[in-house]
>>> print(open('model_34.txt').read())   # compact mmCIF, C-alpha atoms
# COMPACT_ATOMS: atom_id res chain seq x y z
CA MET G 26 -51.19 104.20 -9.97
CA GLU G 27 -54.50 102.87 -11.14
CA SER G 28 -52.83 99.91 -12.82
CA ILE G 29 -51.07 98.97 -9.61
CA LYS G 30 -54.34 99.08 -7.71
CA THR G 31 -55.94 96.97 -10.39
CA THR G 32 -53.16 94.42 -10.15
CA TYR G 33 -53.43 94.17 -6.37
CA SER G 34 -57.17 93.93 -6.58
CA ARG G 35 -56.84 90.92 -8.85
CA LEU G 36 -54.10 89.20 -6.76
CA PRO G 37 -56.43 87.40 -4.26
CA GLY G 38 -58.28 85.80 -7.14
CA VAL G 39 -55.07 84.71 -8.79
CA LEU G 40 -53.76 83.20 -5.56
CA GLN G 41 -57.05 81.48 -4.96
CA ALA G 42 -57.01 80.02 -8.46
CA THR G 43 -53.40 78.91 -8.05
CA SER G 44 -54.25 77.30 -4.72
CA ARG G 45 -57.10 75.38 -6.34
CA ARG G 46 -54.82 74.35 -9.18
CA TYR G 47 -52.15 72.79 -6.88
CA THR G 48 -54.35 71.14 -4.25
CA TRP G 49 -52.85 67.80 -5.32
CA LEU G 50 -49.30 68.84 -4.30
CA PRO G 51 -49.43 67.82 -0.59
CA TYR G 52 -50.80 64.43 -1.58
CA ALA G 53 -48.01 63.96 -4.10
CA VAL G 54 -45.40 64.80 -1.46
CA LEU G 55 -46.97 62.33 0.96
CA GLY G 56 -47.01 59.68 -1.77
CA LEU G 57 -43.34 60.22 -2.51
CA LEU G 58 -42.49 59.97 1.18
CA ALA G 59 -44.47 56.73 1.50
CA LEU G 60 -42.69 55.27 -1.55
CA LEU G 61 -39.35 56.24 -0.04
CA VAL G 62 -40.20 54.52 3.27
CA VAL G 63 -41.30 51.32 1.51
CA SER G 64 -38.11 51.31 -0.57
CA VAL G 65 -35.96 51.67 2.55
CA VAL G 66 -37.83 48.84 4.31
CA VAL G 67 -37.43 46.52 1.32
CA MET G 68 -33.72 47.33 1.04
CA VAL G 69 -33.13 46.74 4.76
CA GLY G 70 -35.06 43.46 4.62
CA HIS G 71 -33.03 42.30 1.65
CA SER G 72 -29.84 43.34 3.42
CA ASP G 73 -30.83 41.39 6.55
CA LYS G 74 -31.54 38.28 4.47
CA SER G 75 -28.20 38.65 2.72
CA LEU G 76 -26.43 38.98 6.06
CA LEU G 77 -28.22 35.92 7.42
CA LYS G 78 -27.28 33.97 4.32
CA LEU G 79 -23.68 35.14 4.62
CA SER G 80 -23.68 34.23 8.31
CA ALA G 81 -24.98 30.74 7.55
CA ASN G 82 -22.35 30.26 4.86
CA SER G 83 -19.68 31.52 7.23
CA ARG G 84 -20.73 28.98 9.87
CA ALA G 85 -20.51 26.22 7.28
CA VAL G 86 -16.95 27.23 6.48
CA ILE G 87 -15.81 27.94 10.06
CA ALA G 88 -17.43 24.93 11.75
CA PRO G 89 -17.21 21.78 9.62
CA PRO G 90 -18.15 18.39 11.08
CA ARG G 91 -15.94 17.52 14.02
CA TYR G 92 -13.78 14.44 14.53
CA VAL G 93 -13.98 13.36 18.19
CA PHE G 94 -12.42 10.68 20.41
CA VAL G 95 -14.01 10.25 23.86
CA ASP G 96 -12.11 7.91 26.19
CA LEU G 97 -14.15 6.63 29.14
CA GLY G 98 -11.75 4.97 31.53
CA ALA G 99 -8.57 6.59 30.24
CA ASN G 100 -6.34 5.14 32.97
CA SER G 101 -2.94 6.83 32.62
CA GLY G 102 -3.55 7.70 28.96
CA ASP G 103 -2.43 4.51 27.21
CA SER G 104 -5.50 4.30 24.99
CA CYS G 105 -5.03 7.93 23.99
CA LEU G 106 -1.51 7.11 22.82
CA MET G 107 -2.91 4.09 20.99
CA PHE G 108 -5.49 6.32 19.29
CA LEU G 109 -2.76 8.76 18.23
CA GLN G 110 -0.61 5.86 17.02
CA ASP G 111 2.14 7.19 19.24
CA PRO G 112 5.44 5.24 19.36
CA GLU G 113 5.11 5.12 23.17
CA ALA G 114 1.71 3.38 23.03
CA PRO G 115 1.84 -0.08 24.71
CA GLU G 116 0.21 -1.75 21.68
CA LYS G 117 -1.10 -0.83 18.25
CA PHE G 118 -4.80 -0.53 17.57
CA GLU G 119 -6.33 1.01 14.46
CA PHE G 120 -9.08 3.48 15.32
CA PRO G 121 -10.88 4.70 12.18
CA THR G 122 -10.63 8.23 10.81
CA PRO G 123 -13.09 10.11 8.58
CA GLU G 124 -11.98 10.96 5.07
CA GLY G 125 -9.39 13.71 4.94
CA LYS G 126 -8.59 13.56 8.67
CA THR G 127 -5.72 12.20 10.74
CA HIS G 128 -5.82 11.04 14.35
CA ALA G 129 -4.01 14.20 15.39
CA ASP G 130 -6.92 16.27 13.96
CA ALA G 131 -9.39 14.82 16.48
CA GLU G 132 -10.77 16.52 19.54
CA ILE G 133 -9.73 14.23 22.41
CA TYR G 134 -11.53 13.94 25.77
CA LEU G 135 -10.18 11.67 28.52
CA PHE G 136 -12.31 10.67 31.52
CA GLU G 137 -10.72 8.80 34.42
CA ALA G 138 -12.20 8.24 37.86
CA ASN G 139 -9.14 6.91 39.68
CA PRO G 140 -7.36 9.92 41.27
CA THR G 141 -4.06 8.05 41.34
CA PHE G 142 -3.81 8.78 37.60
CA ASN G 143 -4.32 12.54 37.90
CA THR G 144 -0.64 13.40 37.58
CA ASP G 145 -0.23 10.95 34.66
CA LEU G 146 -3.01 12.70 32.75
CA VAL G 147 -1.61 16.17 33.45
CA ASP G 148 1.84 15.03 32.30
CA LEU G 149 0.34 13.51 29.15
CA LYS G 150 -1.55 16.71 28.40
CA GLN G 151 1.67 18.72 28.72
CA LYS G 152 3.70 16.28 26.62
CA LEU G 153 1.17 16.26 23.80
CA LYS G 154 0.79 20.03 23.93
CA ASN G 155 4.53 20.31 23.34
CA ARG G 156 3.92 18.28 20.16
CA GLY G 157 1.12 20.59 19.05
CA ILE G 158 -1.72 18.26 20.12
CA ASN G 159 -4.28 19.55 22.62
CA ILE G 160 -6.32 17.11 24.70
CA ASN G 161 -9.04 17.65 27.28
CA ILE G 162 -8.74 15.73 30.55
CA TYR G 163 -11.38 14.98 33.20
CA PRO G 164 -9.37 13.57 36.12
CA SER G 165 -11.10 12.11 39.18
CA THR G 166 -14.32 12.03 37.14
CA PRO G 167 -16.38 8.82 36.98
CA VAL G 168 -18.97 8.54 34.21
CA TRP G 169 -22.50 7.65 35.24
CA THR G 170 -26.15 8.09 34.27
CA GLU G 171 -26.38 11.33 36.25
CA SER G 172 -24.15 13.88 37.90
CA LYS G 173 -23.89 13.28 41.63
CA LEU G 174 -21.51 12.54 44.48
CA MET G 175 -20.50 8.86 44.30
CA THR G 176 -18.12 6.48 46.04
CA PHE G 177 -15.31 5.17 43.89
CA HIS G 178 -13.36 2.15 45.13
CA ILE G 179 -9.60 2.10 44.54
CA ASP G 180 -7.84 -1.24 44.11
CA LEU G 181 -5.21 -1.53 46.85
CA ARG G 182 -2.85 -3.93 45.08
CA ASP G 183 -0.93 -1.08 43.40
CA ARG G 184 -1.84 2.14 41.70
CA HIS G 185 -2.00 0.49 38.29
CA ALA G 186 -4.20 -2.42 39.41
CA ALA G 187 -7.20 -2.87 37.13
CA GLY G 188 -9.94 -3.48 39.70
CA SER G 189 -10.69 0.11 40.70
CA SER G 190 -14.38 0.70 40.05
CA LEU G 191 -17.67 2.28 41.08
CA ASN G 192 -18.77 -1.30 41.62
CA GLN G 193 -17.69 -2.26 45.13
CA ASN G 194 -18.51 -5.91 44.33
CA HIS G 195 -15.86 -6.07 41.62
CA PRO G 196 -14.13 -9.46 42.25
CA ASP G 197 -10.67 -7.90 42.49
CA LEU G 198 -11.87 -5.48 45.15
CA VAL G 199 -13.65 -8.20 47.11
CA ARG G 200 -10.52 -10.33 47.02
CA THR G 201 -7.88 -7.73 47.90
CA GLY G 202 -9.79 -4.86 49.52
CA SER G 203 -10.25 -1.27 48.42
CA ARG G 204 -10.04 2.33 49.52
CA PRO G 205 -13.19 4.43 49.02
CA VAL G 206 -13.06 8.01 47.77
CA ASN G 207 -15.97 10.38 47.11
CA LEU G 208 -16.06 11.84 43.61
CA THR G 209 -18.59 13.74 41.51
CA SER G 210 -19.72 11.86 38.42
CA VAL G 211 -20.57 13.29 35.01
CA ALA G 212 -23.86 12.44 33.28
CA ILE G 213 -22.18 11.10 30.17
CA SER G 214 -25.30 10.76 27.98
CA GLN G 215 -26.20 14.39 28.59
CA TRP G 216 -22.57 15.47 28.12
CA LEU G 217 -22.44 13.85 24.68
CA LEU G 218 -25.81 15.19 23.53
CA GLU G 219 -24.97 18.74 24.62
CA ARG G 220 -21.68 18.92 22.74
CA PHE G 221 -22.01 17.04 19.48
CA LEU G 222 -24.27 16.82 16.43
CA PRO G 223 -25.26 13.91 14.17
CA GLU G 224 -22.93 15.14 11.40
CA ASP G 225 -19.90 14.95 13.72
CA PHE G 226 -17.75 11.79 13.63
CA VAL G 227 -17.66 10.64 17.26
CA ILE G 228 -15.77 7.62 18.61
CA VAL G 229 -16.41 6.46 22.18
CA LYS G 230 -14.01 4.02 23.82
CA MET G 231 -15.25 2.52 27.11
CA ASP G 232 -13.25 0.51 29.66
CA ILE G 233 -14.90 1.13 33.03
CA GLU G 234 -14.77 -2.18 34.92
CA THR G 235 -18.41 -3.45 34.64
CA THR G 236 -20.00 0.02 34.82
CA GLU G 237 -20.57 -0.30 31.06
CA TYR G 238 -23.58 -2.45 31.96
CA ASN G 239 -25.13 0.67 33.53
CA ILE G 240 -23.98 3.24 30.99
CA VAL G 241 -24.81 1.54 27.69
CA PRO G 242 -28.54 1.05 28.49
CA HIS G 243 -28.75 4.69 29.57
CA LEU G 244 -27.09 5.87 26.34
CA ALA G 245 -29.74 3.95 24.40
CA ALA G 246 -32.61 5.29 26.52
CA MET G 247 -31.37 8.87 26.04
CA GLN G 248 -30.93 8.27 22.27
CA ALA G 249 -27.32 9.36 22.54
CA GLY G 250 -26.66 7.12 19.55
CA LYS G 251 -27.74 10.05 17.37
CA VAL G 252 -24.35 11.67 18.02
CA ILE G 253 -22.14 8.55 18.27
CA ASP G 254 -20.65 6.74 15.28
CA LEU G 255 -18.59 3.98 16.89
CA MET G 256 -18.34 2.49 20.37
CA PHE G 257 -15.34 0.39 21.37
CA VAL G 258 -16.53 -1.26 24.57
CA GLU G 259 -14.48 -3.49 26.85
CA TRP G 260 -17.25 -5.82 28.07
CA HIS G 261 -16.20 -7.29 31.42
CA SER G 262 -18.52 -10.26 30.97
CA TRP G 263 -16.27 -12.58 33.00
CA LEU G 264 -16.93 -10.38 36.03
CA MET G 265 -20.72 -10.41 35.64
CA ASN G 266 -23.33 -12.93 36.68
CA GLY G 267 -25.09 -13.98 33.49
CA SER G 268 -28.47 -13.84 35.23
CA ASP G 269 -27.95 -10.21 36.26
CA PRO G 270 -30.74 -8.14 34.61
CA LEU G 271 -28.13 -5.59 33.51
CA VAL G 272 -26.59 -8.16 31.16
CA GLY G 273 -29.83 -8.64 29.23
CA GLN G 274 -30.59 -4.91 29.31
CA SER G 275 -27.17 -4.15 27.83
CA ALA G 276 -27.67 -6.64 25.01
CA GLU G 277 -30.99 -4.98 24.11
CA ALA G 278 -29.39 -1.53 24.43
CA VAL G 279 -26.73 -2.47 21.89
CA LYS G 280 -29.48 -3.36 19.40
CA LEU G 281 -31.22 -0.04 20.02
CA LEU G 282 -28.00 1.91 19.60
CA GLU G 283 -27.21 0.03 16.39
CA ALA G 284 -30.65 1.03 15.13
CA GLN G 285 -29.67 4.63 15.92
CA GLY G 286 -26.61 4.22 13.69
CA VAL G 287 -23.90 3.20 16.16
CA LYS G 288 -21.36 0.52 15.21
CA PHE G 289 -19.79 -1.76 17.83
CA PRO G 290 -16.45 -3.10 16.54
CA SER G 291 -14.92 -5.80 18.71
CA TYR G 292 -12.51 -4.40 21.27
CA SER G 293 -10.51 -5.90 24.11
CA THR G 294 -7.53 -4.52 25.99
CA SER G 295 -6.98 -7.62 28.12
CA SER G 296 -3.70 -8.26 26.31
CA ARG G 297 -2.74 -4.60 26.03
CA LYS G 298 -2.03 -3.76 29.66
CA ARG G 299 1.27 -1.97 29.93
CA LYS G 300 3.78 -3.68 32.17
CA ARG G 301 4.76 -1.36 34.99
CA THR G 302 7.16 -1.52 37.86
CA ASN G 303 5.76 1.33 39.98
>>> encode(input="model_34.txt", output="structure tokens")
Amino acid sequence: MESIKTTYSRLPGVLQATSRRYTWLPYAVLGLLALLVVSVVVMVGHSDKSLLKLSANSRAVIAPPRYVFVDLGANSGDSCLMFLQDPEAPEKFEFPTPEGKTHADAEIYLFEANPTFNTDLVDLKQKLKNRGININIYPSTPVWTESKLMTFHIDLRDRHAAGSSLNQNHPDLVRTGSRPVNLTSVAISQWLLERFLPEDFVIVKMDIETTEYNIVPHLAAMQAGKVIDLMFVEWHSWLMNGSDPLVGQSAEAVKLLEAQGVKFPSYSTSSRKRKRTN
């Protein structure tokens, strides 16, 4: 009994000594916890970086540079057929392709202001879709320097007459008369800059009955040449007064666009108009 009492009497001292001996333990536990937290943070950070790197690589694989054909003044779609080297095209014209691509690989966008061609463009879209080629059409859509309600003048001679234009002073319209229609334009410089990147291969074909003298200077001013590789422009110089300021401005704009990397191959469709009976 005495030994038990002795043992219990010594126990507080033993516990006190043990407590003093292991005072470092809470600090060790806290240190281990801190090390664990740091390790987790580092691992998560490394994982995030790996995911970002994987995401970037995935984008490079999924979204390679695009091949694009933008047709301003598409009419009934003849130039689209020419671009695709379709047997039904009225004439042959060799539009360039980037290495490893065919014309059928291109993204195709057709803009036409004259509403008399709306059904032609819808029919063309359906016909090409049946062949596995998807095109994007913008019917009743004039191209301009800004988006706004504008008056388009339709040549009254027949629905395929070439004089229809935003320019009411177009000689054909002055000579034969026209029918006005209100349409909403698209700001074509902004449209191009929003959709494409410098690494994309973008071809712009333009046949818009003297409005090119308004559009080309605006493309240069907006530095849209950064996303355009080639421009095939039908210059309606025979319809313009040589002293018109727009003529000189367009010549300077071409130089600016060329400095931005745009090439201007010669292009004329004056001999490529399809003969029609309706």
>>> closest_residue(input="model_34.txt", among="G:Phe136, G:Trp260, G:Tyr92, G:Phe120", to="Thr236 (chain G)", atoms="all atoms listed in the file")
G:Trp260
>>> residues_around(input="model_34.txt", residues="Pro242 (chain G)", least_positions_apart="3", cutoff="10 Å", atoms="all atoms listed in the file", output="number ranges by chain")
G: 170, 237-239, 245-248, 271-279, 281-282
>>> closest_residue(input="model_34.txt", among="G:Asn266, G:Thr176, G:Gln110, G:Ser189", to="His128 (chain G)", atoms="only C-alpha atoms")
G:Gln110
>>> residues_around(input="model_34.txt", residues="Ile160 (chain G)", least_positions_apart="6", cutoff="8 Å", atoms="only C-alpha atoms", output="PyMOL selection string")
chain G and resi 132-135+150+153-154
>>> atom_distance(input="model_34.txt", atom1="CA of Tyr292 (chain G)", atom2="CA of Met265 (chain G)")
17.6 Å
>>> residues_around(input="model_34.txt", residues="His178 (chain G)", least_positions_apart="6", cutoff="10 Å", atoms="all atoms listed in the file", output="list of chain:residue names")
G:Ala138, G:Asn139, G:Gly188, G:Ser189, G:Ser190, G:Leu191, G:Asn192, G:Gln193, G:Asn194, G:His195, G:Leu198, G:Gly202, G:Ser203, G:Arg204, G:Pro205, G:Val206, G:Asn207
